$ cat upload_2.txt   # compact mmCIF, C-alpha atoms
# COMPACT_ATOMS: atom_id res chain seq x y z
CA MET A 1 -109.40 -7.99 -17.36
CA ALA A 2 -106.76 -6.63 -19.68
CA SER A 3 -103.38 -8.09 -19.01
CA LEU A 4 -100.20 -6.04 -18.88
CA ARG A 5 -99.34 -7.20 -22.36
CA ASP A 6 -102.69 -6.13 -23.76
CA ILE A 7 -102.29 -2.64 -22.39
CA ARG A 8 -98.77 -2.35 -23.79
CA LYS A 9 -100.05 -3.41 -27.19
CA ARG A 10 -102.84 -0.90 -27.00
CA ILE A 11 -100.43 1.91 -26.16
CA ALA A 12 -98.21 0.99 -29.08
CA SER A 13 -101.14 1.04 -31.46
CA VAL A 14 -102.42 4.39 -30.23
CA LYS A 15 -98.92 5.77 -30.60
CA ASN A 16 -98.86 4.64 -34.20
CA THR A 17 -102.20 6.29 -34.86
CA GLN A 18 -100.92 9.46 -33.29
CA LYS A 19 -97.95 9.45 -35.62
CA ILE A 20 -100.27 9.21 -38.59
CA THR A 21 -102.60 11.96 -37.45
CA LYS A 22 -99.63 14.19 -36.71
CA ALA A 23 -98.25 13.63 -40.19
CA MET A 24 -101.64 14.26 -41.77
CA LYS A 25 -101.93 17.48 -39.85
CA MET A 26 -98.59 18.63 -41.11
CA VAL A 27 -99.44 17.75 -44.70
CA ALA A 28 -102.76 19.58 -44.39
CA ALA A 29 -101.01 22.64 -43.01
CA ALA A 30 -98.61 22.74 -45.95
CA LYS A 31 -101.44 22.30 -48.44
CA LEU A 32 -103.47 24.93 -46.66
CA ARG A 33 -100.69 27.42 -47.09
CA ARG A 34 -100.57 26.72 -50.79
CA ALA A 35 -104.35 26.95 -51.12
CA GLU A 36 -104.37 30.26 -49.29
CA GLU A 37 -101.79 31.60 -51.69
CA ALA A 38 -103.93 30.49 -54.61
CA ILE A 39 -106.88 32.38 -53.18
CA LYS A 40 -104.80 35.47 -52.72
CA ALA A 41 -103.41 35.21 -56.25
CA GLY A 42 -106.87 34.82 -57.73
CA ARG A 43 -108.38 37.76 -55.94
CA PRO A 44 -107.27 40.61 -58.21
CA PHE A 45 -108.66 38.78 -61.20
CA SER A 46 -112.08 38.17 -59.71
CA GLU A 47 -112.34 41.65 -58.25
CA LYS A 48 -111.51 43.31 -61.52
CA MET A 49 -113.94 41.04 -63.33
CA ARG A 50 -116.65 41.93 -60.85
CA GLU A 51 -115.99 45.61 -61.22
CA VAL A 52 -116.27 45.57 -64.99
CA MET A 53 -119.24 43.22 -64.84
CA MET A 54 -121.19 45.39 -62.46
CA SER A 55 -120.59 48.56 -64.40
CA LEU A 56 -121.85 46.79 -67.49
CA ALA A 57 -124.77 44.90 -66.02
CA ALA A 58 -126.08 47.88 -64.09
CA ARG A 59 -127.36 49.42 -67.26
CA THR A 60 -128.14 46.34 -69.15
CA GLN A 61 -131.42 45.55 -70.42
CA ALA A 62 -131.93 41.94 -71.16
CA HIS A 63 -129.78 38.93 -71.48
CA PRO A 64 -130.83 35.31 -71.21
CA MET A 65 -128.46 34.83 -68.29
CA LEU A 66 -130.11 37.60 -66.32
CA GLU A 67 -133.59 36.15 -66.51
CA SER A 68 -135.28 33.43 -64.56
CA ARG A 69 -136.81 30.53 -66.45
CA PRO A 70 -140.30 29.16 -66.25
CA SER A 71 -139.32 25.71 -65.03
CA GLN A 72 -140.07 23.60 -61.99
CA LYS A 73 -136.50 22.48 -61.64
CA ALA A 74 -133.40 23.97 -60.12
CA LEU A 75 -129.80 22.86 -60.14
CA LEU A 76 -127.49 22.79 -57.17
CA ILE A 77 -123.74 22.58 -57.54
CA LEU A 78 -122.41 20.81 -54.47
CA VAL A 79 -118.73 21.31 -53.80
CA THR A 80 -117.35 18.81 -51.30
CA ALA A 81 -113.99 17.20 -50.65
CA ASP A 82 -112.73 14.05 -52.30
CA ARG A 83 -111.58 12.56 -49.05
CA GLY A 84 -112.79 12.27 -45.51
CA LEU A 85 -110.97 12.73 -42.21
CA CYS A 86 -111.68 16.41 -42.12
CA GLY A 87 -114.18 16.75 -39.30
CA ALA A 88 -117.69 17.92 -40.11
CA PHE A 89 -116.59 19.43 -43.42
CA ASN A 90 -118.50 17.09 -45.68
CA THR A 91 -121.38 16.18 -43.40
CA SER A 92 -122.37 19.74 -42.73
CA LEU A 93 -122.34 20.43 -46.46
CA GLN A 94 -124.53 17.41 -47.10
CA ARG A 95 -126.89 18.51 -44.39
CA ARG A 96 -127.14 21.97 -45.90
CA ALA A 97 -127.82 20.49 -49.30
CA GLU A 98 -130.53 18.24 -47.87
CA ALA A 99 -132.14 21.20 -46.17
CA PHE A 100 -132.05 23.08 -49.42
CA LEU A 101 -133.69 20.21 -51.27
CA LYS A 102 -136.45 20.12 -48.71
CA GLU A 103 -136.89 23.86 -48.82
CA MET A 104 -137.28 23.82 -52.58
CA LYS A 105 -139.56 20.82 -52.45
CA ALA A 106 -141.92 22.81 -50.28
CA LYS A 107 -142.06 25.32 -53.10
CA ASN A 108 -142.73 22.48 -55.48
CA ILE A 109 -139.40 22.76 -57.19
CA GLN A 110 -137.36 19.71 -57.98
CA VAL A 111 -133.65 20.05 -57.47
CA ASP A 112 -131.01 18.19 -59.43
CA LEU A 113 -127.41 18.01 -58.39
CA LEU A 114 -124.03 18.51 -59.94
CA THR A 115 -121.35 17.26 -57.59
CA VAL A 116 -117.77 18.36 -57.43
CA GLY A 117 -115.72 16.20 -55.11
CA ARG A 118 -116.24 12.52 -54.44
CA LYS A 119 -117.88 12.76 -51.02
CA GLY A 120 -120.94 14.65 -52.18
CA ASN A 121 -121.48 12.16 -54.96
CA ASP A 122 -121.06 9.20 -52.60
CA TYR A 123 -123.68 10.58 -50.28
CA PHE A 124 -126.36 11.49 -52.79
CA ARG A 125 -125.80 8.60 -55.14
CA ARG A 126 -128.01 6.35 -53.06
CA ARG A 127 -130.70 8.92 -52.46
CA GLN A 128 -133.67 10.02 -54.47
CA VAL A 129 -131.85 12.76 -56.32
CA THR A 130 -130.76 13.07 -59.90
CA ILE A 131 -127.08 13.77 -60.27
CA VAL A 132 -126.71 15.28 -63.70
CA GLU A 133 -122.95 15.34 -63.71
CA LYS A 134 -120.17 14.47 -61.32
CA PHE A 135 -116.58 15.56 -61.02
CA ASN A 136 -114.72 13.12 -58.80
CA ASN A 137 -111.16 13.34 -57.59
CA VAL A 138 -110.58 16.80 -58.91
CA MET A 139 -109.90 18.71 -55.71
CA ASN A 140 -106.17 18.12 -56.01
CA SER A 141 -105.97 19.82 -59.33
CA ILE A 142 -108.61 22.49 -59.55
CA SER A 143 -108.05 25.00 -62.29
CA TYR A 144 -109.74 27.84 -64.04
CA ASP A 145 -110.34 25.44 -66.88
CA LEU A 146 -112.23 23.04 -64.63
CA ALA A 147 -114.48 25.90 -63.53
CA GLY A 148 -115.03 26.59 -67.22
CA ARG A 149 -116.10 22.99 -67.87
CA ILE A 150 -118.59 23.11 -65.02
CA VAL A 151 -119.99 26.43 -66.13
CA SER A 152 -120.43 25.40 -69.74
CA ILE A 153 -122.48 22.37 -68.67
CA VAL A 154 -124.56 24.43 -66.29
CA ALA A 155 -125.02 27.39 -68.64
CA GLU A 156 -126.10 25.19 -71.49
CA LYS A 157 -128.83 23.56 -69.42
CA PHE A 158 -129.91 26.83 -67.96
CA LEU A 159 -130.13 28.58 -71.29
CA ALA A 160 -132.06 25.66 -72.74
CA GLY A 161 -134.70 26.40 -70.12
CA GLU A 162 -134.24 23.16 -68.25
CA TYR A 163 -133.62 24.86 -64.93
CA GLN A 164 -135.17 27.97 -63.51
CA SER A 165 -132.12 28.77 -61.44
CA VAL A 166 -128.71 27.45 -60.50
CA TYR A 167 -127.24 27.52 -57.01
CA VAL A 168 -123.87 26.61 -55.60
CA VAL A 169 -123.09 25.45 -52.09
CA TYR A 170 -119.56 25.24 -50.70
CA ASN A 171 -117.48 25.92 -47.64
CA SER A 172 -116.15 29.40 -47.88
CA PHE A 173 -112.83 30.08 -46.29
CA ARG A 174 -112.65 32.53 -43.39
CA SER A 175 -109.55 31.39 -41.56
CA ALA A 176 -107.66 28.17 -40.94
CA VAL A 177 -110.13 27.19 -38.22
CA THR A 178 -113.41 28.66 -39.47
CA GLN A 179 -115.27 27.68 -42.57
CA VAL A 180 -118.65 29.09 -43.38
CA ILE A 181 -121.12 27.19 -45.49
CA THR A 182 -122.21 29.42 -48.30
CA LEU A 183 -125.18 28.90 -50.55
CA ARG A 184 -125.28 31.27 -53.45
CA LYS A 185 -127.44 31.82 -56.46
CA LEU A 186 -125.34 31.57 -59.57
CA LEU A 187 -127.91 31.95 -62.31
CA PRO A 188 -129.78 34.03 -63.18
CA ILE A 189 -127.19 36.67 -62.39
CA THR A 190 -128.51 39.37 -60.15
CA PRO A 191 -126.39 42.49 -60.15
CA ASP A 192 -126.27 43.67 -56.56
CA GLU A 193 -127.14 47.28 -56.03
CA GLU A 194 -124.23 48.33 -53.90
CA GLY A 195 -121.70 46.93 -56.34
CA SER A 196 -122.90 48.98 -59.26
CA LYS A 197 -120.80 52.02 -59.78
CA PRO A 198 -121.36 54.91 -62.12
CA ARG A 199 -120.15 53.46 -65.36
CA ARG A 200 -117.28 54.87 -67.26
CA ALA A 201 -117.71 56.02 -70.79
CA TYR A 202 -116.09 53.27 -72.76
CA LEU A 203 -115.49 52.58 -76.33
CA TYR A 204 -116.79 49.09 -76.85
CA GLU A 205 -115.17 46.89 -79.36
CA PRO A 206 -117.16 45.02 -80.65
CA SER A 207 -120.55 46.23 -79.44
CA GLU A 208 -121.69 46.51 -75.87
CA GLU A 209 -124.12 43.62 -76.27
CA GLU A 210 -121.48 41.31 -77.62
CA ILE A 211 -119.15 42.16 -74.81
CA LEU A 212 -121.81 41.40 -72.26
CA GLN A 213 -122.63 38.18 -74.06
CA GLU A 214 -119.06 37.01 -73.63
CA LEU A 215 -118.52 38.46 -70.22
CA LEU A 216 -121.43 36.91 -68.37
CA PRO A 217 -120.35 33.27 -68.68
CA ARG A 218 -116.86 34.32 -67.69
CA TYR A 219 -118.19 36.08 -64.67
CA VAL A 220 -119.98 32.93 -63.61
CA GLN A 221 -116.83 30.96 -64.26
CA VAL A 222 -114.84 33.23 -61.97
CA GLN A 223 -117.45 32.81 -59.27
CA VAL A 224 -117.27 29.05 -59.53
CA PHE A 225 -113.50 29.18 -59.57
CA THR A 226 -113.28 31.25 -56.39
CA GLY A 227 -115.80 28.87 -54.83
CA LEU A 228 -113.56 25.93 -55.67
CA LEU A 229 -110.48 27.67 -54.33
CA ASP A 230 -112.29 28.51 -51.12
CA SER A 231 -113.50 24.98 -50.76
CA VAL A 232 -110.02 23.52 -51.15
CA ALA A 233 -108.54 25.88 -48.57
CA SER A 234 -111.44 25.16 -46.20
CA GLU A 235 -110.97 21.44 -46.63
CA HIS A 236 -107.32 21.60 -45.65
CA GLY A 237 -108.14 23.93 -42.77
CA ALA A 238 -110.83 21.57 -41.53
CA ARG A 239 -108.55 18.58 -41.87
CA MET A 240 -105.80 20.36 -40.04
CA SER A 241 -107.97 21.12 -37.02
CA ALA A 242 -109.51 17.65 -37.09
CA MET A 243 -106.10 16.03 -37.10
CA GLU A 244 -104.85 18.38 -34.43
CA ALA A 245 -107.75 17.30 -32.22
CA ALA A 246 -107.09 13.65 -33.04
CA THR A 247 -103.44 14.00 -32.10
CA THR A 248 -104.35 15.59 -28.77
CA ASN A 249 -106.90 12.89 -28.08
CA ALA A 250 -104.38 10.19 -28.85
CA GLY A 251 -101.96 11.84 -26.43
CA GLU A 252 -104.57 11.84 -23.69
CA MET A 253 -105.38 8.24 -24.36
CA ILE A 254 -101.72 7.29 -24.14
CA ASN A 255 -101.44 9.06 -20.79
CA LYS A 256 -104.48 7.28 -19.42
CA LEU A 257 -103.29 3.92 -20.64
CA THR A 258 -99.82 4.47 -19.23
CA LEU A 259 -101.33 5.30 -15.86
CA LYS A 260 -103.42 2.17 -16.00
CA LEU A 261 -100.40 0.14 -17.01
CA ASN A 262 -98.31 1.43 -14.10
CA ARG A 263 -101.08 0.81 -11.59
CA LYS A 264 -101.50 -2.67 -12.87
CA ARG A 265 -97.79 -3.37 -12.70
CA GLN A 266 -97.52 -2.06 -9.18
CA GLU A 267 -100.50 -4.08 -8.18
CA SER A 268 -98.96 -7.26 -9.48
CA ILE A 269 -95.64 -6.50 -7.77
CA THR A 270 -97.46 -5.91 -4.50
CA THR A 271 -99.32 -9.17 -4.80
CA GLU A 272 -96.10 -11.00 -5.53
CA LEU A 273 -94.41 -9.44 -2.50
CA MET A 274 -97.33 -10.36 -0.29
CA GLU A 275 -97.09 -13.90 -1.50
CA ILE A 276 -93.36 -14.06 -0.76
CA VAL A 277 -93.82 -12.56 2.69
CA GLY A 278 -96.70 -14.91 3.34
CA GLY A 279 -94.58 -17.87 2.24
CA ALA A 280 -91.66 -16.83 4.47
CA GLU A 281 -93.98 -16.45 7.47
CA ALA A 282 -95.37 -19.88 6.86
CA LEU A 283 -91.87 -21.45 6.79
CA LYS A 284 -90.94 -19.76 10.10
CA GLY A 285 -93.93 -21.13 11.88
CA MET B 1 -90.75 58.42 -75.82
CA ALA B 2 -93.89 59.81 -74.30
CA ASP B 3 -94.93 59.41 -70.69
CA LYS B 4 -95.30 56.02 -69.16
CA PHE B 5 -98.51 54.41 -68.03
CA LYS B 6 -99.44 51.50 -65.86
CA VAL B 7 -100.15 48.09 -67.33
CA GLU B 8 -101.45 45.11 -65.41
CA LEU B 9 -101.61 41.57 -66.72
CA VAL B 10 -103.82 39.51 -64.45
CA THR B 11 -104.69 35.79 -64.59
CA PRO B 12 -106.70 33.64 -62.17
CA ARG B 13 -103.35 32.40 -60.87
CA GLY B 14 -102.13 35.83 -59.98
CA ILE B 15 -100.74 39.08 -61.26
CA VAL B 16 -98.17 38.36 -63.94
CA LEU B 17 -97.15 41.87 -64.71
CA ASP B 18 -97.62 45.21 -63.00
CA LYS B 19 -95.40 47.86 -64.47
CA MET B 20 -95.02 51.33 -65.90
CA VAL B 21 -94.48 51.02 -69.63
CA ASP B 22 -94.25 53.14 -72.76
CA GLY B 23 -96.73 51.22 -74.88
CA VAL B 24 -98.70 48.03 -75.29
CA ILE B 25 -99.68 45.85 -78.23
CA ALA B 26 -102.50 43.40 -77.58
CA PRO B 27 -104.32 40.83 -79.74
CA GLY B 28 -107.93 42.08 -79.78
CA VAL B 29 -110.84 40.23 -81.35
CA MET B 30 -111.04 42.92 -83.99
CA GLY B 31 -107.34 42.69 -84.72
CA GLU B 32 -104.20 43.70 -82.95
CA PHE B 33 -104.21 47.09 -81.39
CA GLY B 34 -101.62 49.32 -79.87
CA VAL B 35 -102.10 51.55 -76.86
CA LEU B 36 -100.12 54.60 -75.90
CA ILE B 37 -100.81 56.96 -73.04
CA GLY B 38 -103.97 59.03 -73.33
CA HIS B 39 -105.91 56.38 -75.22
CA THR B 40 -109.69 56.65 -75.22
CA PRO B 41 -111.24 54.40 -72.52
CA MET B 42 -112.06 51.13 -74.18
CA LEU B 43 -113.26 47.67 -73.34
CA THR B 44 -112.49 44.84 -75.70
CA PHE B 45 -111.82 41.14 -75.90
CA ILE B 46 -108.49 39.53 -76.19
CA LYS B 47 -108.08 36.44 -78.28
CA PRO B 48 -105.29 33.95 -77.66
CA GLY B 49 -102.06 35.30 -79.07
CA ILE B 50 -99.07 37.41 -78.24
CA PHE B 51 -99.24 40.38 -75.94
CA SER B 52 -96.29 42.71 -75.73
CA TYR B 53 -95.34 45.89 -73.97
CA LEU B 54 -92.75 48.45 -74.86
CA GLU B 55 -90.21 49.52 -72.35
CA SER B 56 -87.18 51.63 -73.21
CA ASP B 57 -87.39 50.78 -76.92
CA ARG B 58 -87.59 47.07 -76.34
CA PHE B 59 -90.63 44.84 -76.69
CA VAL B 60 -91.27 42.25 -74.01
CA LYS B 61 -93.65 39.51 -75.09
CA TYR B 62 -96.12 37.19 -73.43
CA ALA B 63 -98.24 34.38 -74.81
CA VAL B 64 -101.76 34.95 -73.50
CA GLY B 65 -105.07 33.11 -73.50
CA ALA B 66 -108.52 34.51 -74.12
CA GLY B 67 -109.80 37.30 -71.93
CA PHE B 68 -110.55 40.97 -72.04
CA CYS B 69 -108.81 44.26 -71.73
CA GLU B 70 -109.82 47.50 -70.13
CA VAL B 71 -108.04 50.58 -71.39
CA LEU B 72 -108.23 53.79 -69.38
CA LYS B 73 -106.44 57.08 -69.88
CA ASP B 74 -103.51 56.19 -67.68
CA SER B 75 -103.72 52.45 -67.25
CA VAL B 76 -104.34 49.21 -69.10
CA THR B 77 -105.69 46.14 -67.36
CA VAL B 78 -105.62 42.85 -69.18
CA LEU B 79 -107.56 39.93 -67.72
CA VAL B 80 -106.69 36.67 -69.44
CA GLU B 81 -107.03 32.99 -68.64
CA GLU B 82 -103.31 32.41 -68.82
CA ALA B 83 -100.12 34.28 -69.57
CA HIS B 84 -96.62 32.99 -70.11
CA SER B 85 -93.42 34.94 -70.39
CA VAL B 86 -90.71 33.89 -72.83
CA GLU B 87 -88.52 32.63 -69.99
CA SER B 88 -91.23 30.37 -68.60
CA ILE B 89 -91.69 28.45 -71.84
CA ASP B 90 -89.89 25.20 -72.46
CA LYS B 91 -89.68 24.62 -76.18
CA ASN B 92 -89.82 20.82 -76.07
CA GLU B 93 -92.59 20.79 -73.54
CA VAL B 94 -94.89 23.00 -75.59
CA SER B 95 -94.49 21.04 -78.79
CA ASP B 96 -95.51 17.90 -76.91
CA GLU B 97 -98.41 19.81 -75.47
CA LEU B 98 -99.51 20.89 -78.93
CA VAL B 99 -99.50 17.33 -80.25
CA MET B 100 -101.54 16.17 -77.28
CA LEU B 101 -104.05 19.00 -77.49
CA GLU B 102 -104.57 18.62 -81.21
CA ARG B 103 -105.29 14.95 -80.73
CA GLN B 104 -107.83 15.82 -78.05
CA LEU B 105 -109.33 18.43 -80.31
CA LEU B 106 -109.97 15.86 -83.01
CA GLU B 107 -111.91 13.71 -80.58
CA ILE B 108 -114.42 16.40 -79.81
CA ASN B 109 -117.45 16.66 -82.00
CA ALA B 110 -117.58 20.31 -82.94
CA LEU B 111 -121.28 20.28 -83.68
CA GLU B 112 -122.47 18.44 -80.62
CA ASN B 113 -120.22 20.03 -78.10
CA SER B 114 -119.42 23.45 -79.41
CA ALA B 115 -118.49 25.02 -76.07
CA GLU B 116 -115.99 22.28 -75.33
CA TYR B 117 -114.62 22.52 -78.86
CA GLU B 118 -114.23 26.25 -78.56
CA ARG B 119 -112.30 25.92 -75.34
CA MET B 120 -109.94 23.32 -76.73
CA LEU B 121 -109.39 25.42 -79.80
CA ASN B 122 -108.45 28.34 -77.60
CA ARG B 123 -105.97 26.21 -75.73
CA VAL B 124 -104.40 25.09 -78.98
CA LYS B 125 -104.06 28.71 -80.04
CA VAL B 126 -102.34 29.61 -76.78
CA VAL B 127 -99.88 26.78 -77.21
CA LYS B 128 -99.21 27.89 -80.76
CA ALA B 129 -98.53 31.39 -79.50
CA LYS B 130 -96.17 29.89 -76.92
CA ILE B 131 -94.33 27.99 -79.62
CA SER B 132 -93.91 31.03 -81.79
CA LEU B 133 -92.57 32.90 -78.79
CA ALA B 134 -90.11 30.18 -77.90
CA GLY B 135 -89.08 29.68 -81.51
CA GLY B 136 -87.71 33.03 -82.49
CA ASN B 137 -87.59 36.07 -80.36

$ encode --input "upload_2.txt" --output "structure tokens"
Amino acid sequence: MASLRDIRKRIASVKNTQKITKAMKMVAAAKLRRAEEAIKAGRPFSEKMREVMMSLAARTQAHPMLESRPSQKALLILVTADRGLCGAFNTSLQRRAEAFLKEMKAKNIQVDLLTVGRKGNDYFRRRQVTIVEKFNNVMNSISYDLAGRIVSIVAEKFLAGEYQSVYVVYNSFRSAVTQVITLRKLLPITPDEEGSKPRRAYLYEPSEEEILQELLPRYVQVQVFTGLLDSVASEHGARMSAMEAATTNAGEMINKLTLKLNRKRQESITTELMEIVGGAEALKG
Amino acid sequence: MADKFKVELVTPRGIVLDKMVDGVIAPGVMGEFGVLIGHTPMLTFIKPGIFSYLESDRFVKYAVGAGFCEVLKDSVTVLVEEAHSVESIDKNEVSDELVMLERQLLEINALENSAEYERMLNRVKVVKAKISLAGGN
């Protein structure tokens, strides 16, 4: 049986936890706002890039980045968070990645990983997967440059024929409360039909081929960059809702404990009264 | 001055400039080039350097990173990795940055890691452009 003091202690500790979760929620909300702004700010750049890319690639013949490789290996870029306490954010990503590994294994393709964010690395480190490169503790300071570093590693391996294709999996940002896990093929680049517009007659300086040569890696870089931005915003969104739920749960728990405490106190007062009354009766008689 | 046209300077961090201007001078890979209204549509690369636009007989300058530029008859869109206006540059800060970057550049083996080397070199060039902007306008 918990004594009155135990219950009081318990309430105090839950209250402290609630304070922390509340603060974390507020921090996540502020960071989410900033991340959303970053997404918005990056959009014109990626859209323009896409537009130019598609008009170029629609008519292009051959480029090493547009072709699949004869290899039995694929690479998956796994973008997770660096920290936990954000609900199912990381676990659902890991599950998706596992499913993907299995799927590819059925096709007799071995998948290596490149992890961005500490959690993905932590999870797969102890499993039977090769992690070719890891980027830990970067989610606080993602930049276009970081995307460039990732892409140059990936592109180099892909062009060397080590991997037949490169995929990326991340949480894409829909709204503060919904994140959608997205698995996308990064390389080889497949120009989607609907995106290709009738090309404009340009003067190319230098040649068209050279432009494409330079543009393709940049296009991939932009894709990775938007993926990273999305992931960061999703992480903060997920953490915000997780902490919101935790705060509510803590509140409920406090209510329940308070009720229990009051019952208990009343009970003990009643027993004391009964004892006094009983004692007085006994003296009378 | 002739008619104005629209110029956009876009980076992954957002739109830096969106304005009607009289003319533009940009650092292309094949050398600097100027654009006035009615230019032939063109697609070219931008190397790190100084980008400027002309507005009422005055040039306004930006230090820009690598990227590319799409010229149409009535608009110019410049997509670059970074862009800094004169006001946003702190002279002391950039010279420190240059020292740091050059040190990092020396540590990279240019033969083994050419992509990395290239990127660092670009960053150094941007910082140099920033310094020249901050130095004398």

$ residues_around --input "upload_2.txt" --residues "range 94-104 of chain B" --least-positions-apart "6" --cutoff "10 Å" --atoms "only C-alpha atoms" --output "CSV table (one decimal) with C-alpha atoms, keeping the file's coordinate frame"
chain,number,residue,atom,x,y,z
B,117,TYR,CA,-114.6,22.5,-78.9
B,120,MET,CA,-109.9,23.3,-76.7
B,121,LEU,CA,-109.4,25.4,-79.8
B,123,ARG,CA,-106.0,26.2,-75.7
B,124,VAL,CA,-104.4,25.1,-79.0
B,125,LYS,CA,-104.1,28.7,-80.0
B,126,VAL,CA,-102.3,29.6,-76.8
B,127,VAL,CA,-99.9,26.8,-77.2
B,128,LYS,CA,-99.2,27.9,-80.8
B,129,ALA,CA,-98.5,31.4,-79.5
B,130,LYS,CA,-96.2,29.9,-76.9
B,131,ILE,CA,-94.3,28.0,-79.6
B,134,ALA,CA,-90.1,30.2,-77.9

$ residues_around --input "upload_2.txt" --residues "range 25-31 of chain B" --least-positions-apart "6" --cutoff "12 Å" --atoms "all atoms listed in the file" --output "ChimeraX atom specification"
/A:204-207,210-211,214 /B:7,9,42-55,59-71,76-80,126,129

$ residues_around --input "upload_2.txt" --residues "Lys6 in chain B" --least-positions-apart "4" --cutoff "6 Å" --atoms "only C-alpha atoms" --output "PyMOL selection string"
chain B and resi 19-20+75

$ atom_distance --input "upload_2.txt" --atom1 "CA of Glu8 in chain B" --atom2 "CA of Phe45 in chain A"
10.5 Å

$ interface_residues --input "upload_2.txt" --of "chain A" --to "chain B" --cutoff "10 Å" --atoms "all atoms listed in the file" --output "ChimeraX atom specification"
/A:37-46,48-49,52,143-145,148-149,152-153,156,200-208,210-211,214-215,218,222,225-226

$ residues_around --input "upload_2.txt" --residues "Leu101 in chain A" --least-positions-apart "3" --cutoff "8 Å" --atoms "all atoms listed in the file" --output "VMD selection string"
chain A and resid 97 to 98 104 to 105 110 to 111

$ atom_distance --input "upload_2.txt" --atom1 "CA of Ala35 in chain A" --atom2 "CA of Tyr170 in chain A"
15.3 Å

$ atom_distance --input "upload_2.txt" --atom1 "CA of Val166 in chain A" --atom2 "CA of Thr130 in chain A"
14.5 Å

$ axis_aligned_box --input "upload_2.txt" --around "range 68-81 of chain B" --padding-each-side "4 Å" --output "AutoDock Vina command-line options"
--center_x -107.0 --center_y 45.0 --center_z -69.6 --size_x 15.0 --size_y 32.1 --size_z 12.8

$ build_atoms --input "upload_2.txt" --residues "range 208-212 of chain A" --atoms "all heavy atoms" --output "mmCIF file, in the coordinates of the input"
data_model
loop_
_atom_site.group_PDB
_atom_site.id
_atom_site.type_symbol
_atom_site.label_atom_id
_atom_site.label_comp_id
_atom_site.auth_asym_id
_atom_site.auth_seq_id
_atom_site.Cartn_x
_atom_site.Cartn_y
_atom_site.Cartn_z
ATOM 1 N N GLU A 208 -121.438 46.709 -77.285
ATOM 2 C CA GLU A 208 -121.690 46.510 -75.870
ATOM 3 C C GLU A 208 -122.401 45.174 -75.613
ATOM 4 O O GLU A 208 -122.069 44.446 -74.687
ATOM 5 C CB GLU A 208 -122.555 47.668 -75.368
ATOM 6 C CG GLU A 208 -122.613 47.757 -73.876
ATOM 7 C CD GLU A 208 -123.364 48.999 -73.419
ATOM 8 O OE1 GLU A 208 -123.418 49.970 -74.193
ATOM 9 O OE2 GLU A 208 -123.894 48.983 -72.313
ATOM 10 N N GLU A 209 -123.362 44.863 -76.456
ATOM 11 C CA GLU A 209 -124.120 43.620 -76.270
ATOM 12 C C GLU A 209 -123.218 42.405 -76.392
ATOM 13 O O GLU A 209 -123.295 41.476 -75.607
ATOM 14 C CB GLU A 209 -125.254 43.497 -77.307
ATOM 15 C CG GLU A 209 -126.455 44.366 -77.039
ATOM 16 C CD GLU A 209 -126.168 45.818 -77.344
ATOM 17 O OE1 GLU A 209 -125.498 46.074 -78.364
ATOM 18 O OE2 GLU A 209 -126.584 46.698 -76.553
ATOM 19 N N GLU A 210 -122.362 42.454 -77.403
ATOM 20 C CA GLU A 210 -121.480 41.310 -77.620
ATOM 21 C C GLU A 210 -120.524 41.118 -76.464
ATOM 22 O O GLU A 210 -120.211 40.005 -76.065
ATOM 23 C CB GLU A 210 -120.707 41.475 -78.925
ATOM 24 C CG GLU A 210 -121.510 41.038 -80.131
ATOM 25 C CD GLU A 210 -120.795 41.400 -81.414
ATOM 26 O OE1 GLU A 210 -119.908 40.632 -81.809
ATOM 27 O OE2 GLU A 210 -121.116 42.452 -81.995
ATOM 28 N N ILE A 211 -120.058 42.235 -75.948
ATOM 29 C CA ILE A 211 -119.150 42.160 -74.810
ATOM 30 C C ILE A 211 -119.853 41.513 -73.624
ATOM 31 O O ILE A 211 -119.321 40.612 -72.978
ATOM 32 C CB ILE A 211 -118.665 43.578 -74.414
ATOM 33 C CG1 ILE A 211 -117.830 44.163 -75.547
ATOM 34 C CG2 ILE A 211 -117.920 43.535 -73.107
ATOM 35 C CD1 ILE A 211 -116.452 44.580 -75.207
ATOM 36 N N LEU A 212 -121.057 41.947 -73.383
ATOM 37 C CA LEU A 212 -121.810 41.400 -72.260
ATOM 38 C C LEU A 212 -122.050 39.903 -72.459
ATOM 39 O O LEU A 212 -121.909 39.097 -71.551
ATOM 40 C CB LEU A 212 -123.153 42.135 -72.138
ATOM 41 C CG LEU A 212 -123.896 41.843 -70.842
ATOM 42 C CD1 LEU A 212 -123.168 42.466 -69.674
ATOM 43 C CD2 LEU A 212 -125.307 42.369 -70.919
#
